[in-house]
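Undergrad: Structure supplied as model-v9.cif; contents: mmCIF, C-alpha atoms.
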data_start
#
loop_
_atom_site.label_atom_id
_atom_site.label_comp_id
_atom_site.auth_asym_id
_atom_site.auth_seq_id
_atom_site.Cartn_x
_atom_site.Cartn_y
_atom_site.Cartn_z
CA SER A 1163 -159.66 58.31 -12.64
CA ASN A 1164 -158.03 58.99 -9.29
CA PRO A 1165 -158.24 62.65 -8.13
CA ALA A 1166 -155.07 62.14 -6.10
CA LEU A 1167 -153.21 61.32 -9.31
CA PRO A 1168 -154.22 63.92 -11.90
CA LEU A 1169 -153.22 62.98 -15.45
CA GLU A 1170 -152.74 65.55 -18.17
CA ILE A 1171 -150.72 66.17 -21.33
CA ILE A 1172 -148.60 69.32 -21.44
CA GLU A 1173 -146.38 70.25 -24.39
CA LEU A 1174 -142.87 71.11 -23.18
CA ASP A 1175 -139.67 72.15 -24.86
CA THR A 1176 -137.61 69.10 -25.77
CA PRO A 1177 -134.72 68.42 -23.35
CA GLU A 1178 -132.59 67.37 -26.32
CA GLU A 1179 -131.57 69.38 -29.35
CA LYS A 1180 -132.13 66.27 -31.44
CA SER A 1181 -133.75 62.96 -30.59
CA LYS A 1182 -131.13 60.23 -30.20
CA PHE A 1183 -133.67 57.53 -31.03
CA ASP A 1184 -136.90 57.33 -33.01
CA LEU A 1185 -138.94 57.51 -29.81
CA THR A 1186 -137.91 57.94 -26.16
CA LEU A 1187 -140.09 58.23 -23.05
CA TYR A 1188 -138.39 59.72 -19.99
CA ALA A 1189 -139.87 59.25 -16.50
CA GLU A 1190 -138.72 61.09 -13.39
CA GLU A 1191 -140.14 61.89 -9.96
CA VAL A 1192 -140.75 65.61 -9.38
CA ASP A 1193 -142.40 66.84 -6.17
CA ASP A 1194 -144.08 63.48 -5.47
CA ARG A 1195 -145.38 63.34 -9.02
CA LEU A 1196 -144.23 61.32 -12.00
CA LYS A 1197 -143.14 63.51 -14.89
CA LEU A 1198 -143.14 61.89 -18.32
CA THR A 1199 -141.33 63.48 -21.25
CA LEU A 1200 -141.76 62.11 -24.75
CA VAL A 1201 -138.98 62.88 -27.24
CA TYR A 1202 -139.36 61.79 -30.86
CA LYS A 1203 -138.05 62.38 -34.36
CA THR A 1204 -140.32 64.89 -36.05
CA GLU A 1205 -139.33 63.63 -39.51
CA LEU A 1206 -140.90 60.26 -38.59
CA PHE A 1207 -143.86 61.17 -36.39
CA ALA A 1208 -146.44 63.95 -36.41
CA SER A 1209 -147.35 65.78 -33.21
CA SER A 1210 -150.95 64.56 -33.54
CA ARG A 1211 -149.75 60.94 -33.64
CA MET A 1212 -147.72 61.43 -30.49
CA GLN A 1213 -150.76 62.98 -28.77
CA TRP A 1214 -152.71 59.82 -29.60
CA LEU A 1215 -149.88 57.69 -28.23
CA LEU A 1216 -149.84 59.58 -24.93
CA ARG A 1217 -153.63 59.39 -24.65
CA HIS A 1218 -153.40 55.61 -25.05
CA TYR A 1219 -150.78 55.51 -22.32
CA LEU A 1220 -152.73 57.73 -19.92
CA SER A 1221 -155.91 55.75 -20.58
CA LEU A 1222 -154.05 52.59 -19.63
CA ILE A 1223 -152.70 54.16 -16.44
CA LYS A 1224 -156.19 55.28 -15.41
CA GLN A 1225 -157.52 51.74 -15.88
CA VAL A 1226 -154.71 50.25 -13.80
CA ILE A 1227 -155.37 52.77 -10.98
CA ALA A 1228 -159.10 52.07 -11.06
CA ASP A 1229 -158.70 48.28 -11.08
CA PRO A 1230 -155.14 47.22 -10.13
CA ASP A 1231 -156.14 43.57 -9.67
CA SER A 1232 -157.39 43.14 -13.22
CA PRO A 1233 -155.45 40.76 -15.52
CA LEU A 1234 -153.62 42.43 -18.41
CA SER A 1235 -156.28 41.18 -20.80
CA GLY A 1236 -158.80 43.33 -18.94
CA TYR A 1237 -157.12 46.59 -19.92
CA SER A 1238 -157.43 48.39 -23.23
CA LEU A 1239 -155.32 51.03 -24.98
CA LEU A 1240 -158.44 52.59 -26.47
CA ASP A 1241 -160.55 55.25 -24.82
CA GLN A 1242 -164.30 55.69 -25.35
CA GLU A 1243 -163.84 58.11 -28.25
CA GLN A 1244 -161.60 55.69 -30.10
CA ARG A 1245 -163.83 52.69 -29.44
CA ALA A 1246 -166.71 54.57 -31.06
CA LEU A 1247 -164.71 54.69 -34.30
CA LEU A 1248 -164.29 50.93 -34.49
CA PRO A 1249 -166.87 48.48 -35.86
CA ASP A 1250 -168.75 46.22 -33.45
CA VAL A 1251 -166.70 43.03 -33.20
CA LYS A 1252 -169.94 41.05 -32.91
CA VAL A 1253 -171.18 42.22 -36.32
CA PRO A 1254 -169.68 40.51 -39.40
CA ILE A 1255 -167.80 42.89 -41.70
CA ASP A 1256 -169.04 43.11 -45.27
CA TYR A 1257 -165.66 42.57 -46.94
CA THR A 1258 -165.27 43.09 -50.66
CA GLU A 1259 -162.09 41.90 -52.32
CA PRO A 1260 -160.29 45.02 -53.63
CA GLU A 1261 -159.20 45.36 -57.21
CA HIS A 1262 -155.59 44.70 -58.19
CA LEU A 1263 -153.32 47.66 -57.43
CA LEU A 1264 -152.71 48.46 -61.10
CA LYS A 1265 -156.43 48.30 -61.88
CA MET A 1266 -157.14 50.80 -59.09
CA PHE A 1267 -154.34 53.00 -60.38
CA GLN A 1268 -155.72 52.84 -63.92
CA ALA A 1269 -159.21 53.73 -62.67
CA GLN A 1270 -157.81 56.77 -60.86
CA VAL A 1271 -156.07 57.87 -64.06
CA GLU A 1272 -159.34 57.59 -65.99
CA ASN A 1273 -161.27 59.52 -63.31
CA ALA A 1274 -158.78 62.31 -62.74
CA PRO A 1275 -156.01 62.24 -65.37
CA ASP A 1276 -154.82 65.79 -64.75
CA THR A 1277 -154.86 65.64 -60.96
CA ILE A 1278 -151.41 65.87 -59.39
CA ALA A 1279 -150.24 62.43 -58.29
CA ILE A 1280 -146.68 63.14 -57.16
CA VAL A 1281 -144.73 66.21 -56.14
CA ASP A 1282 -140.96 65.87 -55.97
CA ALA A 1283 -137.91 68.11 -56.13
CA PHE A 1284 -138.31 68.45 -59.89
CA GLY A 1285 -141.96 69.50 -60.00
CA GLU A 1286 -145.51 68.16 -60.13
CA HIS A 1287 -146.55 65.03 -62.02
CA ALA A 1288 -150.15 64.29 -63.00
CA TYR A 1289 -151.72 60.83 -62.96
CA ARG A 1290 -151.79 60.77 -66.77
CA ASP A 1291 -148.01 61.29 -66.99
CA LEU A 1292 -147.25 58.86 -64.17
CA PHE A 1293 -149.40 56.18 -65.82
CA GLN A 1294 -147.60 56.60 -69.14
CA THR A 1295 -144.27 56.30 -67.34
CA VAL A 1296 -145.44 53.09 -65.67
CA ILE A 1297 -146.56 51.67 -69.04
CA ASN A 1298 -143.18 52.49 -70.58
CA THR A 1299 -141.35 51.11 -67.53
CA VAL A 1300 -143.15 47.77 -67.83
CA ASP A 1301 -142.27 47.53 -71.52
CA TYR A 1302 -138.68 48.62 -70.90
CA LEU A 1303 -138.12 46.11 -68.09
CA LYS A 1304 -139.50 43.28 -70.20
CA GLN A 1305 -137.21 44.27 -73.06
CA HIS A 1306 -134.30 43.89 -70.64
CA GLY A 1307 -135.38 40.39 -69.62
CA VAL A 1308 -137.48 40.91 -66.51
CA LYS A 1309 -140.22 38.28 -66.33
CA ALA A 1310 -142.80 36.93 -63.91
CA GLY A 1311 -141.30 35.66 -60.68
CA ASP A 1312 -137.93 37.42 -61.04
CA VAL A 1313 -136.65 39.26 -57.97
CA VAL A 1314 -135.70 42.86 -58.77
CA SER A 1315 -133.79 45.00 -56.27
CA VAL A 1316 -134.67 48.69 -56.35
CA LEU A 1317 -131.60 50.74 -55.48
CA GLY A 1318 -131.68 54.51 -55.25
CA GLU A 1319 -133.03 57.58 -53.55
CA ARG A 1320 -136.62 57.85 -52.38
CA SER A 1321 -138.17 60.30 -54.79
CA GLY A 1322 -140.87 60.46 -57.48
CA TRP A 1323 -139.27 57.80 -59.67
CA LEU A 1324 -139.72 55.11 -57.01
CA PRO A 1325 -143.53 54.53 -57.35
CA ALA A 1326 -143.17 54.26 -61.13
CA ALA A 1327 -140.36 51.73 -60.73
CA ILE A 1328 -142.34 49.66 -58.24
CA MET A 1329 -145.50 49.60 -60.34
CA GLY A 1330 -143.43 48.80 -63.40
CA ILE A 1331 -142.00 45.74 -61.66
CA ILE A 1332 -145.47 44.72 -60.51
CA GLY A 1333 -146.69 45.11 -64.09
CA CYS A 1334 -144.08 42.51 -65.10
CA GLU A 1335 -145.47 40.24 -62.33
CA ALA A 1336 -141.97 40.24 -60.86
CA ILE A 1337 -141.02 40.64 -57.18
CA PHE A 1338 -139.53 43.91 -55.96
CA VAL A 1339 -137.35 44.54 -52.93
CA ILE A 1340 -136.26 48.04 -51.92
CA ILE A 1341 -132.62 48.37 -50.91
CA ASP A 1342 -132.19 51.49 -48.78
CA ALA A 1343 -129.63 53.78 -50.41
CA THR A 1344 -128.47 54.94 -46.97
CA TYR A 1345 -127.31 51.45 -45.96
CA PRO A 1346 -123.56 50.74 -45.97
CA SER A 1347 -122.45 49.11 -49.24
CA LYS A 1348 -121.65 45.84 -47.47
CA ARG A 1349 -125.20 45.66 -46.12
CA GLN A 1350 -126.67 46.44 -49.54
CA GLN A 1351 -124.59 43.69 -51.12
CA GLN A 1352 -125.70 41.25 -48.42
CA LEU A 1353 -129.41 41.99 -49.00
CA ILE A 1354 -129.18 41.81 -52.79
CA LYS A 1355 -127.54 38.40 -52.57
CA LEU A 1356 -129.84 37.19 -49.80
CA THR A 1357 -132.94 37.92 -51.90
CA GLN A 1358 -131.32 36.24 -54.94
CA SER A 1359 -132.08 39.28 -57.08
CA ARG A 1360 -131.92 38.68 -60.82
CA PHE A 1361 -131.82 42.40 -61.68
CA ILE A 1362 -131.06 45.74 -60.06
CA VAL A 1363 -132.93 48.88 -61.13
CA GLY A 1364 -131.90 52.40 -60.25
CA LEU A 1365 -131.06 55.86 -61.50
CA ALA A 1366 -128.07 56.56 -63.72
CA LYS A 1367 -126.04 57.81 -60.75
CA ASP A 1368 -126.62 54.53 -58.92
CA GLN A 1369 -124.82 52.44 -61.51
CA ALA A 1370 -121.45 53.53 -60.14
CA ALA A 1371 -122.45 51.98 -56.80
CA LEU A 1372 -122.40 48.52 -58.34
CA LYS A 1373 -118.62 48.62 -58.52
CA THR A 1374 -118.48 49.43 -54.81
CA LEU A 1375 -120.90 46.58 -54.16
CA GLY A 1376 -118.77 44.18 -56.21
CA LEU A 1377 -121.80 43.33 -58.37
CA LYS A 1378 -121.02 45.21 -61.59
CA ASP A 1379 -120.57 42.09 -63.73
CA GLU A 1380 -122.66 39.75 -61.59
CA ILE A 1381 -126.21 41.15 -61.72
CA PRO A 1382 -127.62 43.19 -64.65
CA PHE A 1383 -128.34 46.83 -63.86
CA ILE A 1384 -131.34 48.49 -65.54
CA GLU A 1385 -131.30 52.27 -65.53
CA LEU A 1386 -134.62 54.07 -65.01
CA PRO A 1387 -135.24 57.83 -65.25
CA TYR A 1388 -136.44 60.54 -62.93
CA LEU A 1389 -140.10 61.31 -63.67
CA HIS A 1390 -139.32 64.65 -65.32
CA GLU A 1391 -136.93 62.88 -67.70
CA ALA A 1392 -139.23 59.97 -68.54
CA ASN A 1393 -140.60 61.29 -71.85
CA SER A 1394 -137.17 61.75 -73.40
CA PHE A 1395 -135.77 58.59 -71.79
CA PHE A 1396 -138.55 56.40 -73.17
CA SER A 1397 -138.72 58.24 -76.51
CA GLY A 1398 -139.85 55.78 -79.18
CA ASN A 1399 -141.43 53.39 -76.68
CA SER A 1400 -145.11 52.71 -77.25
CA GLY A 1401 -145.85 50.06 -74.69
CA THR A 1402 -149.31 49.14 -73.44
CA LEU A 1403 -150.37 47.91 -70.04
CA SER A 1404 -152.72 44.97 -69.91
CA VAL A 1405 -154.04 44.76 -66.37
CA ASN A 1406 -155.37 41.23 -66.16
CA GLN A 1407 -153.75 40.28 -62.89
CA ARG A 1408 -155.93 39.20 -60.01
CA ASN A 1409 -155.22 39.54 -56.33
CA ASP A 1410 -153.83 36.24 -55.16
CA GLU A 1411 -151.23 34.88 -52.79
CA SER A 1412 -148.33 35.00 -55.26
CA VAL A 1413 -145.41 37.02 -53.89
CA ALA A 1414 -145.24 40.67 -55.01
CA TYR A 1415 -142.48 42.05 -52.81
CA TYR A 1416 -139.91 41.24 -50.16
CA SER A 1417 -139.43 43.29 -47.04
CA ILE A 1418 -136.37 42.72 -44.90
CA THR A 1419 -136.16 42.75 -41.13
CA SER A 1420 -133.47 41.81 -38.67
CA GLY A 1421 -135.72 41.84 -35.60
CA THR A 1422 -133.62 41.83 -32.44
CA THR A 1423 -130.65 40.22 -34.18
CA ALA A 1424 -128.20 41.42 -36.80
CA THR A 1425 -129.24 38.65 -39.18
CA PRO A 1426 -131.60 39.89 -41.91
CA LYS A 1427 -134.74 37.90 -42.61
CA ILE A 1428 -136.96 38.03 -45.69
CA VAL A 1429 -140.70 38.57 -45.35
CA ALA A 1430 -142.48 37.58 -48.57
CA THR A 1431 -145.77 39.45 -49.11
CA SER A 1432 -148.52 39.14 -51.69
CA ILE A 1433 -150.05 41.95 -53.75
CA ARG A 1434 -153.09 42.31 -51.47
CA PRO A 1435 -151.57 44.61 -48.81
CA LEU A 1436 -150.47 46.99 -51.57
#
Rewrite the coordinates I just gave you, this time as structure tokens.
TA:
Amino acid sequence: SNPALPLEIIELDTPEEKSKFDLTLYAEEVDDRLKLTLVYKTELFASSRMQWLLRHYLSLIKQVIADPDSPLSGYSLLDQEQRALLPDVKVPIDYTEPEHLLKMFQAQVENAPDTIAIVDAFGEHAYRDLFQTVINTVDYLKQHGVKAGDVVSVLGERSGWLPAAIMGIIGCEAIFVIIDATYPSKRQQQLIKLTQSRFIVGLAKDQAALKTLGLKDEIPFIELPYLHEANSFFSGNSGTLSVNQRNDESVAYYSITSGTTATPKIVATSIRPL
């Protein structure tokens, strides 16, 4: 470090009532010093994460001051404390292929069936109940024609029903794509068509949106319940879940990005990252 350029992190009151962007770093000269102010959306980032980010930045500045002639490849964002947490790059990692997502979920249910898995606006839901909902969802989706390889758009709010819907689609060996409910209807329609979705799943209140999207008679809509309504919704269903799938490179879900352009692009991803 350079004693003439002391570097420290000080928490200050935000200069904005609300962050205009996800993350903004302001820099201004004050009394021959450079003042940096980081403004961020607290609903997206924790204070501890932002502290790490600033430490990375300050660590980089210190390295540049100490050795300004070094090539960029000679600098690191990590400090000594962080490097100690990482494995030695010279030592091979003993990698064991993880189990399939549904197998790991089933194992968790067997180990701790009454442990709370999800908390949403309607209450707490144990692993046992969530697993039964997933089993019924798989059976219900298959009854409505969903089969391996089909693309299923998931339309609706982000709440407790969403994990059950996703795992239900995975249990059918179909491909899921989440359509953000906050997107304008024109954007939602564009993404559903771009992914060539064969089905749309959502909550009862989402079915009305299909008319707005102009897809009411074009793509079948399959209604799924909130978790607290699952028992009555699936009353009479007695499906079973056979978890025989293996982790492979077959596509499990689509994510959508537009990068620096306004044109959406599909990123097809296998089950392994899940």
Undergrad: Please list as number ranges by chain every residue within 12 Å of segment 1255-1259 of chain A, counting all atoms listed in the file and excluding residues in the same chain fewer than 3 positions away.
TA: A: 1248-1252, 1262-1263, 1408-1410, 1434-1435
Undergrad: Report the residues retrieved by the PyMOL selection byres ((chain A and resi 1189) around 9) from the displayed file, expressed as JSON, numbers by chain.
TA: {"A": [1187, 1188, 1190, 1191, 1196, 1197, 1198, 1199, 1200]}
Undergrad: Applying the PyMOL selection byres ((chain A and resi 1335) around 10) to the file I just gave you, which residues come out? Please list them as a ChimeraX atom specification.
TA: /A:1300,1308-1313,1329-1334,1336-1338,1407,1412-1414,1433
Undergrad: Mind giving me the straight-line distance from atom CA of Leu1356 of chain A to atom CA of Thr1295 of chain A in Å, one decimal?
TA: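 According to the coordinates, atom CA of Leu1356 of chain A and atom CA of Thr1295 of chain A are separated by 29.7 Å.
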Undergrad: Considering all atoms listed in the file, state which residue in the set A:Gln1305, A:Ser1321, A:Gln1350, A:Thr1204 is at the smallest distance from Leu1365 of chain A.
TA: A:Ser1321
Undergrad: In Å, with one decimal, what is the gap from atom CA of Ile1362 of chain A to atom CA of Glu1380 of chain A?
TA: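 Distance between the two atoms: 10.4 Å.
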Undergrad: For this structure, which residues satisfy the selection - the PyMOL selection byres ((chain A and resi 1216) around 12) - when it is evaluated on the file as given? I want them as a list in words.
TA: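 Here the PyMOL selection byres ((chain A and resi 1216) around 12) matches Leu1169, Glu1170, Ile1171, Ile1172, Glu1173, Leu1187, Leu1198, Thr1199, Leu1200, Val1201, Ser1209, Ser1210, Arg1211, Met1212, Gln1213, Trp1214, Leu1215, Arg1217, His1218, Tyr1219, Leu1220, Ser1221, Leu1222, Ile1223, Leu1239, Leu1240 and Asp1241 of chain A.
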Undergrad: Next, write the just-selected residues to a file, as a PDB file, in the coordinates of the input, keeping C-alpha atoms as the atom set.
TA:
ATOM      1  CA  LEU A1169    -153.220  62.980 -15.450  1.00  0.00           C
ATOM      2  CA  GLU A1170    -152.740  65.550 -18.170  1.00  0.00           C
ATOM      3  CA  ILE A1171    -150.720  66.170 -21.330  1.00  0.00           C
ATOM      4  CA  ILE A1172    -148.600  69.320 -21.440  1.00  0.00           C
ATOM      5  CA  GLU A1173    -146.380  70.250 -24.390  1.00  0.00           C
ATOM      6  CA  LEU A1187    -140.090  58.230 -23.050  1.00  0.00           C
ATOM      7  CA  LEU A1198    -143.140  61.890 -18.320  1.00  0.00           C
ATOM      8  CA  THR A1199    -141.330  63.480 -21.250  1.00  0.00           C
ATOM      9  CA  LEU A1200    -141.760  62.110 -24.750  1.00  0.00           C
ATOM     10  CA  VAL A1201    -138.980  62.880 -27.240  1.00  0.00           C
ATOM     11  CA  SER A1209    -147.350  65.780 -33.210  1.00  0.00           C
ATOM     12  CA  SER A1210    -150.950  64.560 -33.540  1.00  0.00           C
ATOM     13  CA  ARG A1211    -149.750  60.940 -33.640  1.00  0.00           C
ATOM     14  CA  MET A1212    -147.720  61.430 -30.490  1.00  0.00           C
ATOM     15  CA  GLN A1213    -150.760  62.980 -28.770  1.00  0.00           C
ATOM     16  CA  TRP A1214    -152.710  59.820 -29.600  1.00  0.00           C
ATOM     17  CA  LEU A1215    -149.880  57.690 -28.230  1.00  0.00           C
ATOM     18  CA  ARG A1217    -153.630  59.390 -24.650  1.00  0.00           C
ATOM     19  CA  HIS A1218    -153.400  55.610 -25.050  1.00  0.00           C
ATOM     20  CA  TYR A1219    -150.780  55.510 -22.320  1.00  0.00           C
ATOM     21  CA  LEU A1220    -152.730  57.730 -19.920  1.00  0.00           C
ATOM     22  CA  SER A1221    -155.910  55.750 -20.580  1.00  0.00           C
ATOM     23  CA  LEU A1222    -154.050  52.590 -19.630  1.00  0.00           C
ATOM     24  CA  ILE A1223    -152.700  54.160 -16.440  1.00  0.00           C
ATOM     25  CA  LEU A1239    -155.320  51.030 -24.980  1.00  0.00           C
ATOM     26  CA  LEU A1240    -158.440  52.590 -26.470  1.00  0.00           C
ATOM     27  CA  ASP A1241    -160.550  55.250 -24.820  1.00  0.00           C
TER      28      ASP A1241
END
Undergrad: Could you check the closest approach to Thr1419 of chain A for each of A:Ile1381, A:Val1363, A:Ile1341, A:Val1271 and tell me which residue wins, using all atoms listed in the file?
TA: A:Ile1341
Undergrad: How about completing segment 1313-1334 of chain A with N, CA and C atoms and giving it to me as a PDB file, keeping the file's coordinate frame?
TA:
ATOM      1  N   VAL A1313    -136.825  38.325 -59.083  1.00  0.00           N
ATOM      2  CA  VAL A1313    -136.650  39.260 -57.970  1.00  0.00           C
ATOM      3  C   VAL A1313    -135.824  40.445 -58.481  1.00  0.00           C
ATOM      4  N   VAL A1314    -136.357  41.647 -58.280  1.00  0.00           N
ATOM      5  CA  VAL A1314    -135.700  42.860 -58.770  1.00  0.00           C
ATOM      6  C   VAL A1314    -135.424  43.782 -57.584  1.00  0.00           C
ATOM      7  N   SER A1315    -134.153  44.065 -57.333  1.00  0.00           N
ATOM      8  CA  SER A1315    -133.790  45.000 -56.270  1.00  0.00           C
ATOM      9  C   SER A1315    -133.902  46.425 -56.789  1.00  0.00           C
ATOM     10  N   VAL A1316    -134.517  47.285 -55.998  1.00  0.00           N
ATOM     11  CA  VAL A1316    -134.670  48.690 -56.350  1.00  0.00           C
ATOM     12  C   VAL A1316    -133.679  49.481 -55.503  1.00  0.00           C
ATOM     13  N   LEU A1317    -132.682  50.053 -56.167  1.00  0.00           N
ATOM     14  CA  LEU A1317    -131.600  50.740 -55.480  1.00  0.00           C
ATOM     15  C   LEU A1317    -131.618  52.212 -55.866  1.00  0.00           C
ATOM     16  N   GLY A1318    -131.692  53.096 -54.903  1.00  0.00           N
ATOM     17  CA  GLY A1318    -131.680  54.510 -55.250  1.00  0.00           C
ATOM     18  C   GLY A1318    -132.426  55.356 -54.240  1.00  0.00           C
ATOM     19  N   GLU A1319    -132.406  56.642 -54.472  1.00  0.00           N
ATOM     20  CA  GLU A1319    -133.030  57.580 -53.550  1.00  0.00           C
ATOM     21  C   GLU A1319    -134.551  57.443 -53.558  1.00  0.00           C
ATOM     22  N   ARG A1320    -135.166  57.879 -52.482  1.00  0.00           N
ATOM     23  CA  ARG A1320    -136.620  57.850 -52.380  1.00  0.00           C
ATOM     24  C   ARG A1320    -137.179  59.157 -52.924  1.00  0.00           C
ATOM     25  N   SER A1321    -137.593  59.122 -54.165  1.00  0.00           N
ATOM     26  CA  SER A1321    -138.170  60.300 -54.790  1.00  0.00           C
ATOM     27  C   SER A1321    -139.260  59.850 -55.756  1.00  0.00           C
ATOM     28  N   GLY A1322    -139.716  60.750 -56.633  1.00  0.00           N
ATOM     29  CA  GLY A1322    -140.870  60.460 -57.480  1.00  0.00           C
ATOM     30  C   GLY A1322    -140.711  59.280 -58.409  1.00  0.00           C
ATOM     31  N   TRP A1323    -139.469  58.912 -58.745  1.00  0.00           N
ATOM     32  CA  TRP A1323    -139.270  57.800 -59.670  1.00  0.00           C
ATOM     33  C   TRP A1323    -139.622  56.453 -59.043  1.00  0.00           C
ATOM     34  N   LEU A1324    -139.573  56.389 -57.698  1.00  0.00           N
ATOM     35  CA  LEU A1324    -139.720  55.110 -57.010  1.00  0.00           C
ATOM     36  C   LEU A1324    -141.091  54.453 -57.224  1.00  0.00           C
ATOM     37  N   PRO A1325    -142.236  55.182 -57.085  1.00  0.00           N
ATOM     38  CA  PRO A1325    -143.530  54.530 -57.350  1.00  0.00           C
ATOM     39  C   PRO A1325    -143.652  53.993 -58.770  1.00  0.00           C
ATOM     40  N   ALA A1326    -143.110  54.725 -59.741  1.00  0.00           N
ATOM     41  CA  ALA A1326    -143.170  54.260 -61.130  1.00  0.00           C
ATOM     42  C   ALA A1326    -142.351  52.983 -61.297  1.00  0.00           C
ATOM     43  N   ALA A1327    -141.197  52.926 -60.659  1.00  0.00           N
ATOM     44  CA  ALA A1327    -140.360  51.730 -60.730  1.00  0.00           C
ATOM     45  C   ALA A1327    -141.062  50.527 -60.105  1.00  0.00           C
ATOM     46  N   ILE A1328    -141.658  50.754 -58.933  1.00  0.00           N
ATOM     47  CA  ILE A1328    -142.340  49.660 -58.240  1.00  0.00           C
ATOM     48  C   ILE A1328    -143.513  49.127 -59.047  1.00  0.00           C
ATOM     49  N   MET A1329    -144.353  50.052 -59.559  1.00  0.00           N
ATOM     50  CA  MET A1329    -145.500  49.600 -60.340  1.00  0.00           C
ATOM     51  C   MET A1329    -145.074  48.976 -61.662  1.00  0.00           C
ATOM     52  N   GLY A1330    -143.949  49.426 -62.197  1.00  0.00           N
ATOM     53  CA  GLY A1330    -143.430  48.800 -63.400  1.00  0.00           C
ATOM     54  C   GLY A1330    -143.026  47.354 -63.154  1.00  0.00           C
ATOM     55  N   ILE A1331    -142.389  47.108 -62.021  1.00  0.00           N
ATOM     56  CA  ILE A1331    -142.000  45.740 -61.660  1.00  0.00           C
ATOM     57  C   ILE A1331    -143.232  44.884 -61.416  1.00  0.00           C
ATOM     58  N   ILE A1332    -144.227  45.449 -60.739  1.00  0.00           N
ATOM     59  CA  ILE A1332    -145.470  44.720 -60.510  1.00  0.00           C
ATOM     60  C   ILE A1332    -146.152  44.391 -61.836  1.00  0.00           C
ATOM     61  N   GLY A1333    -146.096  45.344 -62.781  1.00  0.00           N
ATOM     62  CA  GLY A1333    -146.690  45.110 -64.090  1.00  0.00           C
ATOM     63  C   GLY A1333    -146.038  43.972 -64.848  1.00  0.00           C
ATOM     64  N   CYS A1334    -144.780  43.665 -64.507  1.00  0.00           N
ATOM     65  CA  CYS A1334    -144.080  42.510 -65.100  1.00  0.00           C
ATOM     66  C   CYS A1334    -144.380  41.230 -64.324  1.00  0.00           C
TER      67      CYS A1334
END
